[in-house]
Structures are given as structure tokens and as C-alpha cells.
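Read through the structure below, which is laid out as C-alpha cells, and then see the notes.
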Amino acid sequence: MNWDDLKLLLEISRHSKLSDAAARTGLDATTVGRRLRRLEADLGLSLFERTRRGHVLTSAGEEIVAKAEAIEQSALEIYAQADTGGMEASGRVRLGVTEGLANSLIAPTLAGFRDKYPAIALDLIAMSGFASVPKREADMAIMLARPTSGRLKVRKLSDYALYLFASPDYLARRGTPRTPQNLSDHTLIGYVDDLIYSPQLRYHAEIAPDLSLQYCSPSIIAQLQMARAGLGIAVLPNFMAARDKALQPVLKDKVRVQRSFWLSLHEDLAPLARIRALSDFLAELFETNRDLVLPSEL
């Protein structure tokens with residue numbers, strides 16, 4: 001038994017499907033399964049129950065995982081002590097972020113981050129959903145609500161505004177709504193209800209009662225593209241849509257939705273120079289783009 005096997009055990013405990021654990025470790029699923037069987041043989045214990053839902057820890061497995069997590073935490077503390085003693089921020093950081101924010105605001109600015117911190121490598125996990133910091137899917141994550149559990153340090157990055165947007169072509173064909181209630185006569189674009197990953201994304205109930213969405217996607221990028229193509233009216237973050245010449249705001253003086261971005265990171269990683277560097281970079285990014293993210297008026 002070695003530390004690599006214990007790290008693999010932790011990955012499987014956090015991502016119950018072998019294919020997911022394999023993707024996280026860069027191994028193939030067959031190798032992950034073989035190493036897990038070898039670890040169980042070395043320990044003389046059955047660590048997981050194999051189910052159709054994936055690998056579920058046995059009581060013995062839970063005890064071993066708890067000990068492995070203690071070893072992991074000690075290793076992180078050693079790395080943190082070594083890292084804070086260095087002069088240059090270096091190493092790899094994994095940042096989880098919603099796809100709209102990643103594509104519209106963060107990715108276009110990373111050349112500046114690289115120039116300032118050339119020894120830091122970054123994994124930008126942009127997705128329709130959240131990468132979990134407690135499960136070590138990410139070192140840091142930008143959330144839509146303040147996390148309330150887990151060994152996390154949390155920092156509010158910014159409030160942000162969302163407005164209704166549509167293409168000029170759509171508005172020329174269908175007319176421009178004059179009140180929020182008029183939206184019921186229009187084609188509306190939004191999230192697939194049962195795939196919404198945060199209640200913060202339920203915008204339309206705040207705008208007017210009983211609005212029905214005709215075209216839906218779990219991807220905000222897809223929603224933006226549908227609106228650009230003249231399909232209908234979408235609720236979009238101002239930082240994504242305000243500078244898009246294929247879109248124009250609708251009911252700008254009557255409809256404004258406001259939400260917040262929260263940066264969470266595991267408290268064990270907080271002292272690392274590379275974590276502090278990225279955290280400060282993100283805070284500065286939102287401050288620099290405040291008028292775009294949260295305009296006083298559109």
C-alpha cells in the first residue's frame with residue numbers, strides 16, 4: 001500500500017463511478033478498478049459495495065477514508081508551509097466557475113494573469129453547474145449563493161445584474177413588450193426547470209407571475225445564442241449581453257434581476273501563495289469591470 005493508492009481511494013469515495021475517478025486521476029477505469037482491488041487485498045477489507053449507482057463505502061471503508069483524509073490534510077499543511085515560504089507564487093490551481101462567467105469575463109483576461117504570475121498553471125472548470133470544493137473537484141469555486149457548510153473560506157466577489165435581451169430582428173417581427181405582463185405574449189428563453197442547479201437561476205417568477213418558457217437549455221451560452229438568432233427574449237447577465245451588438249435590452253427601466261458571486265476555497269489551501277494570487281486577481285477583475293457587471297443604469 002502506498003500514498004497513491006490512498007489518494008485513489010479518496011477520489012473514488014468522492015466520485016462513486018470509476019469512470020469519474022479515472023478522469024480525475026488521468027488513469028483508465030480498468031486501472032482504477034485493478035488498483036482498488038489490490039488495495040482491498042492488501043488491507044484485507046472490503047472498502048466499497050458495488051452498486052448500479054456506483055461505489056458506496058462500507059463501514060470499514062468509511063474508517064479508512066477518514067484516516068486517509070487526515071493524511072491528506074497533513075500533506076496540504078506541509079505544502080502550504082513550504083509554499084508560503086517561497087518568493088514566487090507557483091503551481092496549479094483548479095477554479096470552478098459557471099460557464100457564462102468563465103467565457104465572458106474570466107477567460108478573456110487570463111493572459112494578464114499569466115503575465116503577472118507566470119509560474120501558476122490554471123484549470124478553468126467552466127460548466128453548467130458547480131465544481132465542489134469540499135469534494136476536491138476544485139481548489140476554488142465561484143458560487144451563486146454563499147456556502148453554509150464545509151471547511152471553507154468564503155469571500156463575496158460582487159453583486160451582478162441581469163436584464164431581458166432580444167435581437168432587433170425578433171423585436172421588429174414580434175413587437176417590443178411595454179410591461180412585464182406583456183411578456184406572456186412573447187417567446188421566452190430560459191433554463192430547463194428540472195435541470196436548474198441553483199434556485200438563484202429561477203428568474204422569471206420574479207419578473208411576472210405565470211410566465212411560460214418555450215425554449216430552454218441548461219446552458220446560458222446556448223440561451224444567449226438562441227436570443228442572438230432571433231428566437232425570443234432571454235434573461236442574461238449584463239456582463240454577457242450588454243456589449244453584444246446582436247442583442248438589445250428589453251424593458252430596461254422595469255426589469256432588473258440582481259444576484260451575487262461568492263468565491264469559496266478550502267481552508268487548508270487558503271495560505272498557498274497561488275491561491276491568494278488568484279483570489280486577489282478575481283477580486284480586482286470584478287472591481288475593474290464593476291460598471292459592466294453591476295451597472296447603476298443600463
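Within each chain, counting starts at residue 1; across the C-alpha cells, chains are named A, B, ... in the order shown, with ligands numbered 1 upward in that order.
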Could you produce a table of the residues of stretch 129-244 of chain A lying within 10 Å of stretch 271-285 of chain A, with the nearest pair of atoms per residue and their separation in Å rounded to one decimal, using only C-alpha atoms, ordered by chain and increasing residue number, as a Markdown table?
| residue | atom | partner | partner_atom | distance |
| --- | --- | --- | --- | --- |
| A:Asp139 | CA | A:Ile275 | CA | 8.1 |
| A:Met140 | CA | A:Ile275 | CA | 8.0 |
| A:Ile142 | CA | A:Leu282 | CA | 9.8 |
| A:Arg155 | CA | A:Ser279 | CA | 8.9 |
| A:Lys156 | CA | A:Ala283 | CA | 8.7 |
| A:Leu157 | CA | A:Ala283 | CA | 5.8 |
| A:Ser158 | CA | A:Ala283 | CA | 8.2 |
Distance query A:Ser296 at most 12 Å, only C-alpha atoms, self and fewer than 4 positions along chain excluded, as a short mmCIF file (atom, residue, chain, number, x, y, z; two decimals) with all heavy atoms, in the first residue's frame:
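Saved result, selection26.cif, follows:
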data_model
loop_
_atom_site.label_atom_id
_atom_site.label_comp_id
_atom_site.auth_asym_id
_atom_site.auth_seq_id
_atom_site.Cartn_x
_atom_site.Cartn_y
_atom_site.Cartn_z
N ASP A 159 -21.89 41.73 -6.48
CA ASP A 159 -23.25 41.58 -6.99
C ASP A 159 -23.19 41.72 -8.51
O ASP A 159 -22.25 42.31 -9.05
CB ASP A 159 -24.18 42.64 -6.41
CG ASP A 159 -24.36 42.49 -4.90
OD1 ASP A 159 -24.44 41.34 -4.43
OD2 ASP A 159 -24.41 43.53 -4.21
N TYR A 160 -24.21 41.19 -9.20
CA TYR A 160 -24.27 41.40 -10.64
C TYR A 160 -25.72 41.50 -11.07
O TYR A 160 -26.63 41.04 -10.37
CB TYR A 160 -23.54 40.29 -11.41
CG TYR A 160 -24.16 38.92 -11.37
CD1 TYR A 160 -24.92 38.45 -12.43
CD2 TYR A 160 -23.98 38.07 -10.28
CE1 TYR A 160 -25.48 37.17 -12.41
CE2 TYR A 160 -24.52 36.80 -10.25
CZ TYR A 160 -25.27 36.36 -11.32
OH TYR A 160 -25.83 35.10 -11.30
N ALA A 161 -25.93 42.14 -12.23
CA ALA A 161 -27.28 42.41 -12.71
C ALA A 161 -27.58 41.61 -13.97
O ALA A 161 -26.70 41.36 -14.79
CB ALA A 161 -27.44 43.90 -13.00
N ASN A 238 -25.71 41.02 -17.49
CA ASN A 238 -25.29 42.19 -18.25
C ASN A 238 -23.88 42.03 -18.80
O ASN A 238 -23.58 42.47 -19.91
CB ASN A 238 -25.37 43.44 -17.36
CG ASN A 238 -25.23 44.71 -18.15
OD1 ASN A 238 -26.09 45.05 -18.96
ND2 ASN A 238 -24.15 45.44 -17.93
N LYS A 252 -35.80 47.76 -20.04
CA LYS A 252 -34.64 48.03 -19.21
C LYS A 252 -34.97 48.87 -17.98
O LYS A 252 -34.27 48.79 -16.96
CB LYS A 252 -33.55 48.72 -20.03
CG LYS A 252 -33.95 50.09 -20.57
CD LYS A 252 -32.82 50.70 -21.37
CE LYS A 252 -33.18 52.09 -21.89
NZ LYS A 252 -32.07 52.65 -22.69
N ASP A 253 -36.02 49.68 -18.06
CA ASP A 253 -36.38 50.52 -16.92
C ASP A 253 -37.37 49.85 -15.98
O ASP A 253 -37.74 50.42 -14.95
CB ASP A 253 -36.96 51.85 -17.42
CG ASP A 253 -38.19 51.64 -18.32
OD1 ASP A 253 -38.33 50.53 -18.86
OD2 ASP A 253 -38.98 52.59 -18.47
N ARG A 256 -35.10 44.30 -13.73
CA ARG A 256 -33.69 44.13 -13.36
C ARG A 256 -33.63 43.07 -12.27
O ARG A 256 -34.26 43.21 -11.22
CB ARG A 256 -33.10 45.45 -12.87
CG ARG A 256 -31.68 45.33 -12.27
CD ARG A 256 -31.27 46.68 -11.72
NE ARG A 256 -30.07 46.61 -10.89
CZ ARG A 256 -28.91 47.18 -11.20
NH1 ARG A 256 -28.79 47.83 -12.35
NH2 ARG A 256 -27.89 47.09 -10.37
N GLN A 258 -31.08 40.93 -9.70
CA GLN A 258 -29.75 41.06 -9.11
C GLN A 258 -29.38 39.80 -8.34
O GLN A 258 -30.19 39.26 -7.60
CB GLN A 258 -29.68 42.29 -8.19
CG GLN A 258 -28.28 42.57 -7.66
CD GLN A 258 -28.16 43.97 -7.07
OE1 GLN A 258 -28.56 44.95 -7.68
NE2 GLN A 258 -27.62 44.06 -5.86
N ARG A 290 -16.76 46.69 -12.76
CA ARG A 290 -17.96 46.90 -11.95
C ARG A 290 -19.10 47.51 -12.77
O ARG A 290 -20.26 47.10 -12.64
CB ARG A 290 -17.64 47.78 -10.75
CG ARG A 290 -18.84 48.05 -9.86
CD ARG A 290 -18.43 48.59 -8.51
NE ARG A 290 -17.61 47.64 -7.79
CZ ARG A 290 -18.10 46.61 -7.12
NH1 ARG A 290 -19.40 46.39 -7.08
NH2 ARG A 290 -17.30 45.79 -6.48
N ASP A 291 -18.80 48.47 -13.62
CA ASP A 291 -19.87 49.12 -14.40
C ASP A 291 -20.52 48.15 -15.38
O ASP A 291 -21.69 48.34 -15.74
CB ASP A 291 -19.31 50.32 -15.15
CG ASP A 291 -18.96 51.48 -14.22
OD1 ASP A 291 -19.45 51.47 -13.09
OD2 ASP A 291 -18.19 52.36 -14.65
N LEU A 292 -19.80 47.14 -15.84
CA LEU A 292 -20.37 46.14 -16.74
C LEU A 292 -21.12 45.07 -15.96
O LEU A 292 -22.20 44.63 -16.38
CB LEU A 292 -19.25 45.50 -17.56
CG LEU A 292 -19.67 44.40 -18.54
CD1 LEU A 292 -20.56 44.96 -19.64
CD2 LEU A 292 -18.43 43.72 -19.15
#
Mind dumping a table of every stretch 208-297 of chain A residue within 10 Å of stretch 95-113 of chain A, with the nearest atom pair and its distance in Å to one decimal, using only C-alpha atoms, sorted by chain and rising number, as a tab-separated table?
residue	atom	partner	partner_atom	distance
A:Ser219	CA	A:Glu99	CA	7.8
A:Ile220	CA	A:Gly100	CA	6.1
A:Ile221	CA	A:Gly100	CA	6.2
A:Ala222	CA	A:Gly100	CA	9.9
A:Leu224	CA	A:Gly100	CA	9.4
A:Leu236	CA	A:Gly100	CA	9.3
A:Pro237	CA	A:Gly100	CA	8.3
A:Phe239	CA	A:Ser104	CA	7.0
A:Met240	CA	A:Ser104	CA	5.7
A:Ala241	CA	A:Ser104	CA	9.1
A:Phe261	CA	A:Leu101	CA	9.8
A:Leu263	CA	A:Val97	CA	9.4
A:Ser264	CA	A:Gly96	CA	9.7
A:Leu265	CA	A:Leu95	CA	9.3
A:Ile275	CA	A:Leu95	CA	9.7
A:Ala277	CA	A:Phe113	CA	9.1
A:Leu278	CA	A:Phe113	CA	8.1
A:Phe281	CA	A:Phe113	CA	7.2
A:Leu282	CA	A:Ile106	CA	8.1
A:Leu285	CA	A:Ile106	CA	8.0
A:Phe286	CA	A:Leu105	CA	8.8
A:Asn289	CA	A:Leu105	CA	8.8
A:Leu292	CA	A:Leu105	CA	10.0
A:Val293	CA	A:Leu105	CA	9.3
May I have the residues within 12 Å of A:Val250 as a count of residues only, using only C-alpha atoms and disregarding those fewer than 4 positions away in the same chain?
30
Per DSSP on the backbone, filter stretch 48-247 of chain A down to the residues in helix (DSSP H, G or I) and report them as a VMD selection string.
chain A and resid 59 to 84 99 to 116 168 to 174 180 to 185 193 to 195 199 to 201 204 to 207 220 to 228 238 to 241
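Here atom CA of A:Arg35 is placed at a distance of 27.7 Å from atom CA of A:Asp268.
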Among the residues of stretch 230-288 of chain A, find those DSSP assigns to strand (DSSP E or B) from the backbone and print them as a PDB file with N, CA, C and O atoms, in the first residue's frame.
ATOM      1  N   ILE A 233     -36.873  36.108 -26.210  1.00  0.00           N
ATOM      2  CA  ILE A 233     -36.346  37.024 -25.192  1.00  0.00           C
ATOM      3  C   ILE A 233     -35.748  36.192 -24.055  1.00  0.00           C
ATOM      4  O   ILE A 233     -36.386  35.258 -23.560  1.00  0.00           O
ATOM      5  N   ALA A 234     -34.545  36.531 -23.641  1.00  0.00           N
ATOM      6  CA  ALA A 234     -33.849  35.776 -22.594  1.00  0.00           C
ATOM      7  C   ALA A 234     -33.410  36.702 -21.463  1.00  0.00           C
ATOM      8  O   ALA A 234     -33.124  37.887 -21.688  1.00  0.00           O
ATOM      9  N   VAL A 235     -33.345  36.150 -20.261  1.00  0.00           N
ATOM     10  CA  VAL A 235     -32.745  36.852 -19.124  1.00  0.00           C
ATOM     11  C   VAL A 235     -31.255  36.512 -19.136  1.00  0.00           C
ATOM     12  O   VAL A 235     -30.878  35.349 -18.977  1.00  0.00           O
ATOM     13  N   LEU A 236     -30.416  37.531 -19.293  1.00  0.00           N
ATOM     14  CA  LEU A 236     -28.979  37.298 -19.427  1.00  0.00           C
ATOM     15  C   LEU A 236     -28.195  38.241 -18.519  1.00  0.00           C
ATOM     16  O   LEU A 236     -28.602  39.397 -18.313  1.00  0.00           O
ATOM     17  N   PRO A 237     -27.057  37.773 -17.979  1.00  0.00           N
ATOM     18  CA  PRO A 237     -26.204  38.675 -17.205  1.00  0.00           C
ATOM     19  C   PRO A 237     -25.739  39.843 -18.077  1.00  0.00           C
ATOM     20  O   PRO A 237     -25.414  39.665 -19.254  1.00  0.00           O
ATOM     21  N   GLN A 248     -30.271  43.601 -27.862  1.00  0.00           N
ATOM     22  CA  GLN A 248     -30.603  44.874 -27.247  1.00  0.00           C
ATOM     23  C   GLN A 248     -31.486  44.626 -26.034  1.00  0.00           C
ATOM     24  O   GLN A 248     -32.243  43.649 -25.976  1.00  0.00           O
ATOM     25  N   PRO A 249     -31.387  45.502 -25.027  1.00  0.00           N
ATOM     26  CA  PRO A 249     -32.168  45.292 -23.801  1.00  0.00           C
ATOM     27  C   PRO A 249     -33.658  45.521 -24.034  1.00  0.00           C
ATOM     28  O   PRO A 249     -34.071  46.286 -24.904  1.00  0.00           O
ATOM     29  N   VAL A 250     -34.453  44.828 -23.231  1.00  0.00           N
ATOM     30  CA  VAL A 250     -35.910  44.924 -23.298  1.00  0.00           C
ATOM     31  C   VAL A 250     -36.417  45.293 -21.893  1.00  0.00           C
ATOM     32  O   VAL A 250     -35.965  44.718 -20.896  1.00  0.00           O
ATOM     33  N   VAL A 257     -32.863  42.013 -12.522  1.00  0.00           N
ATOM     34  CA  VAL A 257     -32.662  40.941 -11.546  1.00  0.00           C
ATOM     35  C   VAL A 257     -31.246  41.074 -11.002  1.00  0.00           C
ATOM     36  O   VAL A 257     -30.302  41.304 -11.765  1.00  0.00           O
ATOM     37  N   GLN A 258     -31.081  40.931  -9.703  1.00  0.00           N
ATOM     38  CA  GLN A 258     -29.748  41.065  -9.107  1.00  0.00           C
ATOM     39  C   GLN A 258     -29.380  39.804  -8.335  1.00  0.00           C
ATOM     40  O   GLN A 258     -30.186  39.258  -7.599  1.00  0.00           O
ATOM     41  N   ARG A 259     -28.168  39.351  -8.543  1.00  0.00           N
ATOM     42  CA  ARG A 259     -27.627  38.186  -7.866  1.00  0.00           C
ATOM     43  C   ARG A 259     -26.204  38.488  -7.386  1.00  0.00           C
ATOM     44  O   ARG A 259     -25.699  39.596  -7.586  1.00  0.00           O
ATOM     45  N   SER A 260     -25.551  37.501  -6.779  1.00  0.00           N
ATOM     46  CA  SER A 260     -24.202  37.699  -6.228  1.00  0.00           C
ATOM     47  C   SER A 260     -23.288  36.549  -6.610  1.00  0.00           C
ATOM     48  O   SER A 260     -23.745  35.414  -6.807  1.00  0.00           O
ATOM     49  N   PHE A 261     -21.999  36.853  -6.696  1.00  0.00           N
ATOM     50  CA  PHE A 261     -20.968  35.841  -6.887  1.00  0.00           C
ATOM     51  C   PHE A 261     -20.156  35.717  -5.599  1.00  0.00           C
ATOM     52  O   PHE A 261     -19.719  36.733  -5.030  1.00  0.00           O
ATOM     53  N   TRP A 262     -19.956  34.465  -5.150  1.00  0.00           N
ATOM     54  CA  TRP A 262     -19.192  34.176  -3.936  1.00  0.00           C
ATOM     55  C   TRP A 262     -18.025  33.258  -4.287  1.00  0.00           C
ATOM     56  O   TRP A 262     -18.210  32.251  -4.970  1.00  0.00           O
ATOM     57  N   LEU A 263     -16.851  33.611  -3.810  1.00  0.00           N
ATOM     58  CA  LEU A 263     -15.665  32.776  -4.021  1.00  0.00           C
ATOM     59  C   LEU A 263     -15.446  31.916  -2.784  1.00  0.00           C
ATOM     60  O   LEU A 263     -15.322  32.436  -1.673  1.00  0.00           O
ATOM     61  N   SER A 264     -15.436  30.593  -2.974  1.00  0.00           N
ATOM     62  CA  SER A 264     -15.185  29.680  -1.861  1.00  0.00           C
ATOM     63  C   SER A 264     -13.915  28.892  -2.133  1.00  0.00           C
ATOM     64  O   SER A 264     -13.625  28.537  -3.281  1.00  0.00           O
ATOM     65  N   LEU A 265     -13.160  28.624  -1.098  1.00  0.00           N
ATOM     66  CA  LEU A 265     -11.948  27.811  -1.214  1.00  0.00           C
ATOM     67  C   LEU A 265     -11.762  27.019   0.066  1.00  0.00           C
ATOM     68  O   LEU A 265     -12.234  27.419   1.137  1.00  0.00           O
ATOM     69  N   HIS A 266     -11.104  25.880  -0.071  1.00  0.00           N
ATOM     70  CA  HIS A 266     -10.894  25.033   1.100  1.00  0.00           C
ATOM     71  C   HIS A 266      -9.925  25.718   2.053  1.00  0.00           C
ATOM     72  O   HIS A 266      -8.906  26.266   1.631  1.00  0.00           O
TER      73      HIS A 266
END
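Omitting A:Leu9 and its sequence neighbours fewer than 4 positions away, and counting only C-alpha atoms, the residues within 9 Å are Asp4, Asp5, Ser13, Arg14, Leu36, Leu39, Leu47, Ile64, Val65 and Ala68 of chain A.
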Residue subset to file, keeping N, CA, C and O atoms, as a PDB file, in the first residue's frame:
ATOM      1  N   ASP A   4      -0.260   6.877  -3.120  1.00  0.00           N
ATOM      2  CA  ASP A   4      -1.003   6.997  -4.370  1.00  0.00           C
ATOM      3  C   ASP A   4      -2.284   6.161  -4.331  1.00  0.00           C
ATOM      4  O   ASP A   4      -3.329   6.583  -4.855  1.00  0.00           O
ATOM      5  N   ASP A   5      -2.208   4.986  -3.713  1.00  0.00           N
ATOM      6  CA  ASP A   5      -3.410   4.159  -3.597  1.00  0.00           C
ATOM      7  C   ASP A   5      -4.439   4.815  -2.678  1.00  0.00           C
ATOM      8  O   ASP A   5      -5.655   4.741  -2.928  1.00  0.00           O
ATOM      9  N   SER A  13     -14.136   7.622  -3.329  1.00  0.00           N
ATOM     10  CA  SER A  13     -15.119   7.938  -2.289  1.00  0.00           C
ATOM     11  C   SER A  13     -15.856   9.237  -2.601  1.00  0.00           C
ATOM     12  O   SER A  13     -17.009   9.415  -2.191  1.00  0.00           O
ATOM     13  N   ARG A  14     -15.214  10.150  -3.345  1.00  0.00           N
ATOM     14  CA  ARG A  14     -15.828  11.439  -3.675  1.00  0.00           C
ATOM     15  C   ARG A  14     -16.551  11.418  -5.013  1.00  0.00           C
ATOM     16  O   ARG A  14     -17.399  12.268  -5.281  1.00  0.00           O
ATOM     17  N   LEU A  36      -7.866  -0.563  -6.991  1.00  0.00           N
ATOM     18  CA  LEU A  36      -8.769  -0.638  -5.848  1.00  0.00           C
ATOM     19  C   LEU A  36      -8.823  -2.056  -5.299  1.00  0.00           C
ATOM     20  O   LEU A  36      -8.755  -2.271  -4.079  1.00  0.00           O
ATOM     21  N   LEU A  39      -5.698  -2.724  -3.353  1.00  0.00           N
ATOM     22  CA  LEU A  39      -5.704  -2.073  -2.047  1.00  0.00           C
ATOM     23  C   LEU A  39      -6.567  -2.860  -1.068  1.00  0.00           C
ATOM     24  O   LEU A  39      -6.175  -3.071   0.091  1.00  0.00           O
ATOM     25  N   LEU A  47     -13.828  -2.336   0.955  1.00  0.00           N
ATOM     26  CA  LEU A  47     -13.965  -0.907   1.177  1.00  0.00           C
ATOM     27  C   LEU A  47     -15.236  -0.323   0.563  1.00  0.00           C
ATOM     28  O   LEU A  47     -15.731   0.708   1.024  1.00  0.00           O
ATOM     29  N   ILE A  64     -11.355   3.873   6.879  1.00  0.00           N
ATOM     30  CA  ILE A  64     -10.100   4.046   6.156  1.00  0.00           C
ATOM     31  C   ILE A  64     -10.056   5.411   5.465  1.00  0.00           C
ATOM     32  O   ILE A  64      -9.030   6.099   5.467  1.00  0.00           O
ATOM     33  N   VAL A  65     -11.181   5.821   4.884  1.00  0.00           N
ATOM     34  CA  VAL A  65     -11.234   7.134   4.216  1.00  0.00           C
ATOM     35  C   VAL A  65     -10.985   8.249   5.219  1.00  0.00           C
ATOM     36  O   VAL A  65     -10.274   9.224   4.919  1.00  0.00           O
ATOM     37  N   ALA A  68      -7.367   8.387   5.752  1.00  0.00           N
ATOM     38  CA  ALA A  68      -6.697   8.893   4.550  1.00  0.00           C
ATOM     39  C   ALA A  68      -6.882  10.399   4.417  1.00  0.00           C
ATOM     40  O   ALA A  68      -5.968  11.114   3.990  1.00  0.00           O
TER      41      ALA A  68
END
